[in-house]
$ cat model14.pdb   # PDB, C-alpha atoms and all ligand atoms
MODEL        1
ATOM      1  CA  MET E   1    -118.708 -27.192  56.095  1.00  0.00           C
ATOM      2  CA  ASN E   2    -119.518 -27.137  52.421  1.00  0.00           C
ATOM      3  CA  ASN E   3    -122.246 -29.705  52.042  1.00  0.00           C
ATOM      4  CA  PRO E   4    -124.639 -28.903  49.195  1.00  0.00           C
ATOM      5  CA  ILE E   5    -127.880 -27.092  49.920  1.00  0.00           C
ATOM      6  CA  ASN E   6    -130.914 -27.868  47.805  1.00  0.00           C
ATOM      7  CA  ILE E   7    -133.863 -25.448  47.691  1.00  0.00           C
ATOM      8  CA  ARG E   8    -137.248 -26.950  46.889  1.00  0.00           C
ATOM      9  CA  LYS E   9    -140.973 -26.459  47.408  1.00  0.00           C
ATOM     10  CA  ALA E  10    -142.137 -27.412  50.900  1.00  0.00           C
ATOM     11  CA  THR E  11    -144.747 -30.036  51.711  1.00  0.00           C
ATOM     12  CA  LEU E  12    -146.588 -30.733  54.959  1.00  0.00           C
ATOM     13  CA  ALA E  13    -144.012 -33.474  55.645  1.00  0.00           C
ATOM     14  CA  ASP E  14    -141.516 -30.641  56.243  1.00  0.00           C
ATOM     15  CA  LEU E  15    -143.459 -29.140  59.168  1.00  0.00           C
ATOM     16  CA  ASP E  16    -141.226 -30.613  61.886  1.00  0.00           C
ATOM     17  CA  GLY E  17    -138.084 -29.361  60.163  1.00  0.00           C
ATOM     18  CA  VAL E  18    -139.536 -25.921  59.536  1.00  0.00           C
ATOM     19  CA  GLU E  19    -140.523 -25.616  63.207  1.00  0.00           C
ATOM     20  CA  ILE E  20    -136.960 -26.484  64.243  1.00  0.00           C
ATOM     21  CA  VAL E  21    -135.650 -23.705  61.972  1.00  0.00           C
ATOM     22  CA  GLU E  22    -138.194 -21.267  63.413  1.00  0.00           C
ATOM     23  CA  ASN E  23    -137.197 -22.064  67.003  1.00  0.00           C
ATOM     24  CA  GLN E  24    -133.525 -21.560  66.204  1.00  0.00           C
ATOM     25  CA  CYS E  25    -134.062 -18.306  64.326  1.00  0.00           C
ATOM     26  CA  PHE E  26    -136.709 -16.273  66.117  1.00  0.00           C
ATOM     27  CA  ASP E  27    -137.013 -15.307  69.738  1.00  0.00           C
ATOM     28  CA  GLY E  28    -140.743 -14.645  70.149  1.00  0.00           C
ATOM     29  CA  ASP E  29    -142.988 -13.721  67.196  1.00  0.00           C
ATOM     30  CA  GLN E  30    -142.677 -17.297  65.957  1.00  0.00           C
ATOM     31  CA  PHE E  31    -145.206 -18.828  63.619  1.00  0.00           C
ATOM     32  CA  SER E  32    -147.219 -21.724  65.012  1.00  0.00           C
ATOM     33  CA  ARG E  33    -147.411 -25.147  63.370  1.00  0.00           C
ATOM     34  CA  ARG E  34    -150.954 -24.285  62.303  1.00  0.00           C
ATOM     35  CA  GLN E  35    -149.760 -21.093  60.602  1.00  0.00           C
ATOM     36  CA  PHE E  36    -146.976 -22.972  58.816  1.00  0.00           C
ATOM     37  CA  SER E  37    -149.446 -25.610  57.713  1.00  0.00           C
ATOM     38  CA  TYR E  38    -151.632 -22.894  56.187  1.00  0.00           C
ATOM     39  CA  LEU E  39    -148.672 -21.121  54.561  1.00  0.00           C
ATOM     40  CA  ILE E  40    -147.372 -24.358  53.004  1.00  0.00           C
ATOM     41  CA  SER E  41    -150.638 -25.781  51.757  1.00  0.00           C
ATOM     42  CA  HIS E  42    -153.218 -23.028  51.308  1.00  0.00           C
ATOM     43  CA  ALA E  43    -151.743 -19.544  51.109  1.00  0.00           C
ATOM     44  CA  LYS E  44    -151.502 -17.782  47.762  1.00  0.00           C
ATOM     45  CA  GLY E  45    -147.764 -17.643  47.268  1.00  0.00           C
ATOM     46  CA  SER E  46    -144.872 -20.023  47.606  1.00  0.00           C
ATOM     47  CA  PHE E  47    -143.170 -21.751  50.521  1.00  0.00           C
ATOM     48  CA  LEU E  48    -139.683 -23.105  49.893  1.00  0.00           C
ATOM     49  CA  VAL E  49    -137.272 -24.964  52.117  1.00  0.00           C
ATOM     50  CA  ALA E  50    -133.519 -25.376  51.959  1.00  0.00           C
ATOM     51  CA  GLU E  51    -132.356 -28.898  52.697  1.00  0.00           C
ATOM     52  CA  SER E  52    -128.906 -30.188  53.469  1.00  0.00           C
ATOM     53  CA  GLU E  53    -127.884 -33.651  54.643  1.00  0.00           C
ATOM     54  CA  GLY E  54    -131.536 -34.532  55.171  1.00  0.00           C
ATOM     55  CA  ASN E  55    -132.256 -31.555  57.420  1.00  0.00           C
ATOM     56  CA  ILE E  56    -134.262 -28.414  56.764  1.00  0.00           C
ATOM     57  CA  VAL E  57    -131.786 -25.555  57.253  1.00  0.00           C
ATOM     58  CA  GLY E  58    -133.836 -22.598  56.064  1.00  0.00           C
ATOM     59  CA  TYR E  59    -137.110 -21.488  54.571  1.00  0.00           C
ATOM     60  CA  ILE E  60    -138.818 -18.612  52.810  1.00  0.00           C
ATOM     61  CA  SER E  61    -142.522 -17.834  52.777  1.00  0.00           C
ATOM     62  CA  LEU E  62    -143.703 -15.650  49.898  1.00  0.00           C
ATOM     63  CA  LEU E  63    -147.225 -14.250  49.712  1.00  0.00           C
ATOM     64  CA  GLN E  64    -149.054 -12.802  46.776  1.00  0.00           C
ATOM     65  CA  HIS E  65    -151.932 -10.720  48.129  1.00  0.00           C
ATOM     66  CA  SER E  66    -154.889 -10.304  45.779  1.00  0.00           C
ATOM     67  CA  GLY E  67    -154.774  -7.018  43.923  1.00  0.00           C
ATOM     68  CA  SER E  68    -151.279  -6.182  45.174  1.00  0.00           C
ATOM     69  CA  ARG E  69    -148.500  -5.265  42.760  1.00  0.00           C
ATOM     70  CA  SER E  70    -145.861  -6.775  44.997  1.00  0.00           C
ATOM     71  CA  VAL E  71    -144.786 -10.137  46.320  1.00  0.00           C
ATOM     72  CA  ARG E  72    -144.270 -10.094  50.070  1.00  0.00           C
ATOM     73  CA  ILE E  73    -141.451 -11.897  51.829  1.00  0.00           C
ATOM     74  CA  TYR E  74    -143.573 -12.976  54.774  1.00  0.00           C
ATOM     75  CA  SER E  75    -140.752 -14.761  56.535  1.00  0.00           C
ATOM     76  CA  LEU E  76    -137.218 -15.882  55.795  1.00  0.00           C
ATOM     77  CA  ALA E  77    -134.834 -17.812  58.007  1.00  0.00           C
ATOM     78  CA  VAL E  78    -131.518 -19.654  57.860  1.00  0.00           C
ATOM     79  CA  VAL E  79    -130.310 -21.756  60.822  1.00  0.00           C
ATOM     80  CA  PRO E  80    -127.223 -20.326  62.557  1.00  0.00           C
ATOM     81  CA  THR E  81    -124.891 -23.126  61.405  1.00  0.00           C
ATOM     82  CA  TYR E  82    -125.671 -22.400  57.737  1.00  0.00           C
ATOM     83  CA  ARG E  83    -125.450 -18.602  57.865  1.00  0.00           C
ATOM     84  CA  GLY E  84    -122.853 -16.732  55.839  1.00  0.00           C
ATOM     85  CA  ARG E  85    -123.077 -19.189  52.931  1.00  0.00           C
ATOM     86  CA  GLN E  86    -125.248 -16.993  50.662  1.00  0.00           C
ATOM     87  CA  LEU E  87    -128.394 -18.963  51.423  1.00  0.00           C
ATOM     88  CA  GLY E  88    -130.309 -15.821  52.481  1.00  0.00           C
ATOM     89  CA  GLN E  89    -129.124 -14.271  49.220  1.00  0.00           C
ATOM     90  CA  ARG E  90    -130.413 -17.254  47.223  1.00  0.00           C
ATOM     91  CA  PHE E  91    -133.804 -16.896  48.893  1.00  0.00           C
ATOM     92  CA  VAL E  92    -133.961 -13.166  48.055  1.00  0.00           C
ATOM     93  CA  ASP E  93    -133.027 -13.952  44.429  1.00  0.00           C
ATOM     94  CA  ILE E  94    -135.844 -16.511  44.344  1.00  0.00           C
ATOM     95  CA  SER E  95    -138.330 -13.933  45.658  1.00  0.00           C
ATOM     96  CA  LYS E  96    -137.445 -11.607  42.767  1.00  0.00           C
ATOM     97  CA  GLU E  97    -137.679 -14.411  40.211  1.00  0.00           C
ATOM     98  CA  TYR E  98    -141.047 -15.415  41.654  1.00  0.00           C
ATOM     99  CA  ALA E  99    -142.335 -11.829  41.345  1.00  0.00           C
ATOM    100  CA  LYS E 100    -141.147 -11.611  37.740  1.00  0.00           C
ATOM    101  CA  GLU E 101    -142.811 -14.934  36.879  1.00  0.00           C
ATOM    102  CA  LYS E 102    -146.068 -13.556  38.226  1.00  0.00           C
ATOM    103  CA  GLY E 103    -145.686 -10.323  36.243  1.00  0.00           C
ATOM    104  CA  LEU E 104    -145.121  -8.265  39.398  1.00  0.00           C
ATOM    105  CA  ARG E 105    -142.446  -5.606  39.709  1.00  0.00           C
ATOM    106  CA  GLN E 106    -141.942  -5.255  43.434  1.00  0.00           C
ATOM    107  CA  VAL E 107    -140.933  -7.310  46.457  1.00  0.00           C
ATOM    108  CA  SER E 108    -141.887  -5.983  49.891  1.00  0.00           C
ATOM    109  CA  LEU E 109    -141.332  -7.046  53.488  1.00  0.00           C
ATOM    110  CA  GLU E 110    -141.281  -5.958  57.114  1.00  0.00           C
ATOM    111  CA  VAL E 111    -138.129  -6.327  59.181  1.00  0.00           C
ATOM    112  CA  ASN E 112    -137.323  -5.619  62.825  1.00  0.00           C
ATOM    113  CA  ILE E 113    -135.482  -2.298  63.058  1.00  0.00           C
ATOM    114  CA  ASN E 114    -132.850  -4.023  65.252  1.00  0.00           C
ATOM    115  CA  ASN E 115    -132.171  -6.842  62.765  1.00  0.00           C
ATOM    116  CA  LYS E 116    -128.886  -5.616  61.295  1.00  0.00           C
ATOM    117  CA  ALA E 117    -128.096  -8.806  59.348  1.00  0.00           C
ATOM    118  CA  ALA E 118    -131.435  -8.904  57.545  1.00  0.00           C
ATOM    119  CA  ILE E 119    -131.492  -5.149  56.854  1.00  0.00           C
ATOM    120  CA  SER E 120    -127.999  -5.411  55.382  1.00  0.00           C
ATOM    121  CA  LEU E 121    -129.114  -8.341  53.184  1.00  0.00           C
ATOM    122  CA  TYR E 122    -132.086  -6.332  51.914  1.00  0.00           C
ATOM    123  CA  HIS E 123    -130.076  -3.132  51.334  1.00  0.00           C
ATOM    124  CA  LYS E 124    -127.552  -5.133  49.348  1.00  0.00           C
ATOM    125  CA  ASN E 125    -130.424  -6.267  47.138  1.00  0.00           C
ATOM    126  CA  GLY E 126    -131.746  -2.790  46.424  1.00  0.00           C
ATOM    127  CA  PHE E 127    -134.519  -2.648  49.000  1.00  0.00           C
ATOM    128  CA  VAL E 128    -135.317   0.811  50.378  1.00  0.00           C
ATOM    129  CA  VAL E 129    -137.235   1.723  53.511  1.00  0.00           C
ATOM    130  CA  THR E 130    -140.696   3.061  52.713  1.00  0.00           C
ATOM    131  CA  THR E 131    -142.191   3.348  56.227  1.00  0.00           C
ATOM    132  CA  ALA E 132    -141.482   2.621  59.847  1.00  0.00           C
ATOM    133  CA  ILE E 133    -144.221   0.853  61.802  1.00  0.00           C
ATOM    134  CA  ARG E 134    -144.231   1.574  65.523  1.00  0.00           C
ATOM    135  CA  GLU E 135    -144.372  -1.338  67.995  1.00  0.00           C
ATOM    136  CA  TYR E 136    -144.939  -3.969  65.325  1.00  0.00           C
ATOM    137  CA  TYR E 137    -143.312  -6.835  67.232  1.00  0.00           C
ATOM    138  CA  HIS E 138    -144.295  -8.564  70.485  1.00  0.00           C
ATOM    139  CA  ASP E 139    -141.413  -6.941  72.393  1.00  0.00           C
ATOM    140  CA  GLY E 140    -142.452  -3.468  71.293  1.00  0.00           C
ATOM    141  CA  SER E 141    -139.774  -3.087  68.599  1.00  0.00           C
ATOM    142  CA  ASP E 142    -140.547  -1.099  65.497  1.00  0.00           C
ATOM    143  CA  ALA E 143    -140.544  -2.583  62.005  1.00  0.00           C
ATOM    144  CA  LEU E 144    -139.229  -1.120  58.795  1.00  0.00           C
ATOM    145  CA  ARG E 145    -141.275  -1.731  55.703  1.00  0.00           C
ATOM    146  CA  MET E 146    -138.899  -2.197  52.784  1.00  0.00           C
ATOM    147  CA  ARG E 147    -139.518  -2.553  49.090  1.00  0.00           C
ATOM    148  CA  THR E 148    -137.533  -3.113  45.949  1.00  0.00           C
ATOM    149  CA  PHE E 149    -138.571  -2.329  42.374  1.00  0.00           C
ATOM    150  CA  PHE E 150    -137.154  -3.837  39.225  1.00  0.00           C
TER     151      PHE E 150
HETATM  152  C1  LIG Z   1    -130.893 -12.652  57.853  1.00  0.00           C
HETATM  153  C2  LIG Z   1    -130.490 -14.061  57.428  1.00  0.00           C
HETATM  154  C3  LIG Z   1    -131.659 -14.708  56.660  1.00  0.00           C
HETATM  155  C4  LIG Z   1    -129.260 -13.985  56.535  1.00  0.00           C
HETATM  156  O1  LIG Z   1    -128.980 -15.299  56.046  1.00  0.00           O
HETATM  157  P1  LIG Z   1    -127.528 -15.743  55.539  1.00  0.00           P
HETATM  158  O2  LIG Z   1    -127.718 -16.989  54.744  1.00  0.00           O
HETATM  159  O3  LIG Z   1    -126.576 -15.823  56.666  1.00  0.00           O
HETATM  160  O4  LIG Z   1    -127.118 -14.524  54.597  1.00  0.00           O
HETATM  161  P2  LIG Z   1    -126.092 -14.569  53.359  1.00  0.00           P
HETATM  162  O5  LIG Z   1    -124.961 -15.469  53.672  1.00  0.00           O
HETATM  163  O6  LIG Z   1    -126.883 -14.870  52.125  1.00  0.00           O
HETATM  164  O7  LIG Z   1    -125.564 -13.062  53.324  1.00  0.00           O
HETATM  165  C5  LIG Z   1    -125.884 -12.198  52.248  1.00  0.00           C
HETATM  166  C6  LIG Z   1    -125.682 -10.766  52.707  1.00  0.00           C
HETATM  167  O8  LIG Z   1    -126.518 -10.472  53.826  1.00  0.00           O
HETATM  168  C7  LIG Z   1    -125.829  -9.566  54.725  1.00  0.00           C
HETATM  169  N1  LIG Z   1    -125.586 -10.218  56.008  1.00  0.00           N
HETATM  170  C8  LIG Z   1    -125.837 -11.519  56.307  1.00  0.00           C
HETATM  171  N2  LIG Z   1    -125.508 -11.751  57.601  1.00  0.00           N
HETATM  172  C9  LIG Z   1    -125.045 -10.589  58.110  1.00  0.00           C
HETATM  173  C10 LIG Z   1    -124.567 -10.202  59.380  1.00  0.00           C
HETATM  174  N3  LIG Z   1    -124.513 -11.060  60.417  1.00  0.00           N
HETATM  175  N4  LIG Z   1    -124.204  -8.907  59.566  1.00  0.00           N
HETATM  176  C11 LIG Z   1    -124.274  -8.025  58.562  1.00  0.00           C
HETATM  177  N5  LIG Z   1    -124.713  -8.339  57.299  1.00  0.00           N
HETATM  178  C12 LIG Z   1    -125.092  -9.603  57.089  1.00  0.00           C
HETATM  179  C13 LIG Z   1    -124.529  -9.214  54.040  1.00  0.00           C
HETATM  180  O9  LIG Z   1    -124.792  -8.080  53.223  1.00  0.00           O
HETATM  181  C14 LIG Z   1    -124.282 -10.440  53.169  1.00  0.00           C
HETATM  182  O10 LIG Z   1    -123.475 -10.144  52.075  1.00  0.00           O
HETATM  183  P3  LIG Z   1    -121.906 -10.596  52.091  1.00  0.00           P
HETATM  184  O11 LIG Z   1    -121.933 -12.086  52.189  1.00  0.00           O
HETATM  185  O12 LIG Z   1    -121.377 -10.080  50.811  1.00  0.00           O
HETATM  186  O13 LIG Z   1    -121.333  -9.956  53.318  1.00  0.00           O
HETATM  187  C15 LIG Z   1    -130.132 -14.937  58.679  1.00  0.00           C
HETATM  188  O14 LIG Z   1    -129.191 -14.227  59.465  1.00  0.00           O
HETATM  189  C16 LIG Z   1    -131.305 -15.314  59.561  1.00  0.00           C
HETATM  190  O15 LIG Z   1    -132.016 -16.284  59.290  1.00  0.00           O
HETATM  191  N6  LIG Z   1    -131.524 -14.569  60.655  1.00  0.00           N
HETATM  192  C17 LIG Z   1    -132.586 -14.907  61.618  1.00  0.00           C
HETATM  193  C18 LIG Z   1    -133.976 -14.797  61.017  1.00  0.00           C
HETATM  194  C19 LIG Z   1    -134.178 -13.445  60.383  1.00  0.00           C
HETATM  195  O16 LIG Z   1    -133.762 -12.410  60.897  1.00  0.00           O
HETATM  196  N7  LIG Z   1    -134.913 -13.442  59.259  1.00  0.00           N
HETATM  197  C20 LIG Z   1    -135.223 -12.237  58.515  1.00  0.00           C
HETATM  198  C21 LIG Z   1    -136.584 -11.762  58.919  1.00  0.00           C
HETATM  199  S1  LIG Z   1    -137.040 -10.280  58.037  1.00  0.00           S
ENDMDL
END

$ encode --input "model14.pdb" --output "C-alpha cells" --more "lines below"
Ligand SMILES: CC(C)(COP(=O)(O)OP(=O)(O)OC[C@H]1O[C@@H](n2cnc3c(N)ncnc32)[C@H](O)[C@@H]1OP(=O)(O)O)[C@@H](O)C(=O)NCCC(=O)NCCS
Amino acid sequence: MNNPINIRKATLADLDGVEIVENQCFDGDQFSRRQFSYLISHAKGSFLVAESEGNIVGYISLLQHSGSRSVRIYSLAVVPTYRGRQLGQRFVDISKEYAKEKGLRQVSLEVNINNKAAISLYHKNGFVVTTAIREYYHDGSDALRMRTFF
C-alpha cells in the first residue's frame, strides 16, 4: 500500500474522520467530539490531518500556551493500517517547523510510559524525558513528560 498521504489543516468537516482515527488509536482517554471541535476551530495552535484516498488516516494537535516557550504536541495519531510509513515522523517534523515559525525553541508532550512506539519515535527525534507524572491516565498509568530543544 503506497497511496499518497496529504497533510493539511483540519476543518470542522473533518470531525467524523478524526473521531474514527481516535477510536482506532486510543483505548480510553479519547477526546470527545466537542473537544476536537474546540481544538480544530478555537484553540491557539494548529490541528492538521493526514488524508489518503479520501479518508482521514492521522492527525496532530499542536497547542501554543500563552507565555510558554514551547509548542505542545497535545495529541498525535496514525491509524493502524498506515503505521510504519513515516507519517508519525512527518507529524513530528511539522511540530518542530511550527515551533520555529512561531519563534519558539522547544516542543513538549506527555506520553504513556507503556507506549513503546511513541516513546521510540520521540527519542529518535531528540526528545528527552524531563519528568514522570504519576497516574496521569484513566487506567492509572504514569506519563512521561518529554521535551526537545533546537
Ligand atoms: C506512535 C505512532 C504515532 C507512530 O506512527 P507511525 O506513522 O507508525 O510512525 P513512523 O512510521 O513515522 O515511525 C517513525 C519512528 O517511530 C518509531 N516507531 C514507530 N512505530 C514503532 C513501533 N511499533 N515500535 C517501535 N518503534 C516504533 C521508530 O523509531 C520509527 O523509526 P524507523 O521507521 O526508523 O524504525 C502510531 O503508532 C500511533 O498512532 N499510535 C497510537 C496513538 C499514539 O500512541 N499516539 C502517541 C500519543 S503520545

$ atom_distance --input "model14.pdb" --atom1 "CA of Lys116 (chain E)" --atom2 "CA of Ser61 (chain E)"
20.2 Å

$ residues_near_ligand --input "model14.pdb" --ligand "ligand LIG 1 (chain Z)" --cutoff "6 Å" --atoms "all atoms listed in the file" --output "count of residues only"
21

$ resolve_selection --input "model14.pdb" --expression "the PyMOL selection byres (((chain E and resi 130) around 8) and not hetatm)" --output "list in words"
Val128, Val129, Thr131, Ala132, Leu144, Arg145, Met146 and Arg147 of chain E

$ write_last_selection --input "model14.pdb" --atoms "C-alpha atoms" --output "JSON list (two decimals), in the frame of the given file"
[["chain", "number", "residue", "atom", "x", "y", "z"],
["E", 128, "VAL", "CA", -135.32, 0.81, 50.38],
["E", 129, "VAL", "CA", -137.24, 1.72, 53.51],
["E", 131, "THR", "CA", -142.19, 3.35, 56.23],
["E", 132, "ALA", "CA", -141.48, 2.62, 59.85],
["E", 144, "LEU", "CA", -139.23, -1.12, 58.80],
["E", 145, "ARG", "CA", -141.28, -1.73, 55.70],
["E", 146, "MET", "CA", -138.90, -2.20, 52.78],
["E", 147, "ARG", "CA", -139.52, -2.55, 49.09]]

$ atom_distance --input "model14.pdb" --atom1 "CA of Ile5 (chain E)" --atom2 "CA of Ala50 (chain E)"
6.2 Å

$ residues_around --input "model14.pdb" --residues "Ala13 (chain E)" --least-positions-apart "5" --cutoff "12 Å" --atoms "only C-alpha atoms" --output "PyMOL selection string"
chain E and resi 18-19+33+36-37+40-41+49+56

$ residues_around --input "model14.pdb" --residues "Lys100 (chain E)" --least-positions-apart "5" --cutoff "12 Å" --atoms "all atoms listed in the file" --output "PyMOL selection string"
chain E and resi 69-71+93-95+105-107+149-150

$ closest_residue --input "model14.pdb" --among "E:Gly58, E:Gly126, E:Tyr74, E:Asp142" --to "Ala43 (chain E)" --atoms "all atoms listed in the file"
E:Tyr74

$ atom_distance --input "model14.pdb" --atom1 "CA of Leu15 (chain E)" --atom2 "CA of Asp139 (chain E)"
25.9 Å

$ closest_residue --input "model14.pdb" --among "E:Gln35, E:Pro4, E:Lys44, E:Asp29" --to "Tyr136 (chain E)" --atoms "all atoms listed in the file"
E:Asp29

$ closest_residue --input "model14.pdb" --among "E:Glu135, E:Glu97, E:Asp16, E:Glu110" --to "Asn55 (chain E)" --atoms "only C-alpha atoms"
E:Asp16

$ closest_residue --input "model14.pdb" --among "E:Asn125, E:Ile113, E:Ser68, E:Pro80" --to "Ala143 (chain E)" --atoms "all atoms listed in the file"
E:Ile113

$ closest_residue --input "model14.pdb" --among "E:Tyr122, E:Ser52, E:Gln64, E:Tyr59" --to "Gly103 (chain E)" --atoms "all atoms listed in the file"
E:Gln64

$ closest_residue --input "model14.pdb" --among "E:Leu48, E:Val57, E:Ile119, E:Leu12" --to "Thr81 (chain E)" --atoms "all atoms listed in the file"
E:Val57

$ axis_aligned_box --input "model14.pdb" --around "region 112-118 of chain E" --padding-each-side "8 Å" --output "AutoDock Vina command-line options"
--center_x -132.7 --center_y -5.6 --center_z 61.4 --size_x 25.2 --size_y 22.6 --size_z 23.7

$ build_atoms --input "model14.pdb" --residues "region 93-110 of chain E" --atoms "N, CA and C atoms" --output "PDB file, in the coordinates of the input"
ATOM      1  N   ASP E  93    -133.012 -13.826  45.903  1.00  0.00           N
ATOM      2  CA  ASP E  93    -133.027 -13.952  44.429  1.00  0.00           C
ATOM      3  C   ASP E  93    -134.299 -14.668  43.969  1.00  0.00           C
ATOM      4  N   ILE E  94    -134.646 -15.730  44.698  1.00  0.00           N
ATOM      5  CA  ILE E  94    -135.844 -16.511  44.344  1.00  0.00           C
ATOM      6  C   ILE E  94    -137.096 -15.647  44.468  1.00  0.00           C
ATOM      7  N   SER E  95    -137.134 -14.785  45.494  1.00  0.00           N
ATOM      8  CA  SER E  95    -138.330 -13.933  45.658  1.00  0.00           C
ATOM      9  C   SER E  95    -138.491 -12.998  44.467  1.00  0.00           C
ATOM     10  N   LYS E  96    -137.371 -12.499  43.940  1.00  0.00           N
ATOM     11  CA  LYS E  96    -137.445 -11.607  42.767  1.00  0.00           C
ATOM     12  C   LYS E  96    -137.869 -12.392  41.522  1.00  0.00           C
ATOM     13  N   GLU E  97    -137.299 -13.574  41.372  1.00  0.00           N
ATOM     14  CA  GLU E  97    -137.679 -14.411  40.211  1.00  0.00           C
ATOM     15  C   GLU E  97    -139.164 -14.750  40.279  1.00  0.00           C
ATOM     16  N   TYR E  98    -139.633 -15.061  41.483  1.00  0.00           N
ATOM     17  CA  TYR E  98    -141.047 -15.415  41.654  1.00  0.00           C
ATOM     18  C   TYR E  98    -141.924 -14.225  41.246  1.00  0.00           C
ATOM     19  N   ALA E  99    -141.551 -13.025  41.694  1.00  0.00           N
ATOM     20  CA  ALA E  99    -142.335 -11.829  41.345  1.00  0.00           C
ATOM     21  C   ALA E  99    -142.365 -11.647  39.824  1.00  0.00           C
ATOM     22  N   LYS E 100    -141.209 -11.793  39.207  1.00  0.00           N
ATOM     23  CA  LYS E 100    -141.147 -11.611  37.740  1.00  0.00           C
ATOM     24  C   LYS E 100    -142.039 -12.627  37.030  1.00  0.00           C
ATOM     25  N   GLU E 101    -141.955 -13.885  37.485  1.00  0.00           N
ATOM     26  CA  GLU E 101    -142.811 -14.934  36.879  1.00  0.00           C
ATOM     27  C   GLU E 101    -144.279 -14.572  36.953  1.00  0.00           C
ATOM     28  N   LYS E 102    -144.659 -13.906  38.033  1.00  0.00           N
ATOM     29  CA  LYS E 102    -146.068 -13.556  38.226  1.00  0.00           C
ATOM     30  C   LYS E 102    -146.413 -12.209  37.579  1.00  0.00           C
ATOM     31  N   GLY E 103    -145.438 -11.602  36.902  1.00  0.00           N
ATOM     32  CA  GLY E 103    -145.686 -10.323  36.243  1.00  0.00           C
ATOM     33  C   GLY E 103    -145.722  -9.158  37.210  1.00  0.00           C
ATOM     34  N   LEU E 104    -145.130  -9.334  38.392  1.00  0.00           N
ATOM     35  CA  LEU E 104    -145.121  -8.265  39.398  1.00  0.00           C
ATOM     36  C   LEU E 104    -143.739  -7.620  39.431  1.00  0.00           C
ATOM     37  N   ARG E 105    -143.702  -6.351  39.829  1.00  0.00           N
ATOM     38  CA  ARG E 105    -142.446  -5.606  39.709  1.00  0.00           C
ATOM     39  C   ARG E 105    -141.893  -5.140  41.056  1.00  0.00           C
ATOM     40  N   GLN E 106    -142.417  -5.680  42.122  1.00  0.00           N
ATOM     41  CA  GLN E 106    -141.942  -5.255  43.434  1.00  0.00           C
ATOM     42  C   GLN E 106    -141.883  -6.454  44.382  1.00  0.00           C
ATOM     43  N   VAL E 107    -140.946  -6.385  45.326  1.00  0.00           N
ATOM     44  CA  VAL E 107    -140.933  -7.310  46.457  1.00  0.00           C
ATOM     45  C   VAL E 107    -140.947  -6.439  47.713  1.00  0.00           C
ATOM     46  N   SER E 108    -141.796  -6.788  48.672  1.00  0.00           N
ATOM     47  CA  SER E 108    -141.887  -5.983  49.891  1.00  0.00           C
ATOM     48  C   SER E 108    -141.753  -6.890  51.117  1.00  0.00           C
ATOM     49  N   LEU E 109    -141.501  -6.279  52.242  1.00  0.00           N
ATOM     50  CA  LEU E 109    -141.332  -7.046  53.488  1.00  0.00           C
ATOM     51  C   LEU E 109    -141.335  -6.106  54.685  1.00  0.00           C
ATOM     52  N   GLU E 110    -141.482  -6.703  55.872  1.00  0.00           N
ATOM     53  CA  GLU E 110    -141.281  -5.958  57.114  1.00  0.00           C
ATOM     54  C   GLU E 110    -140.123  -6.607  57.859  1.00  0.00           C
TER      55      GLU E 110
END
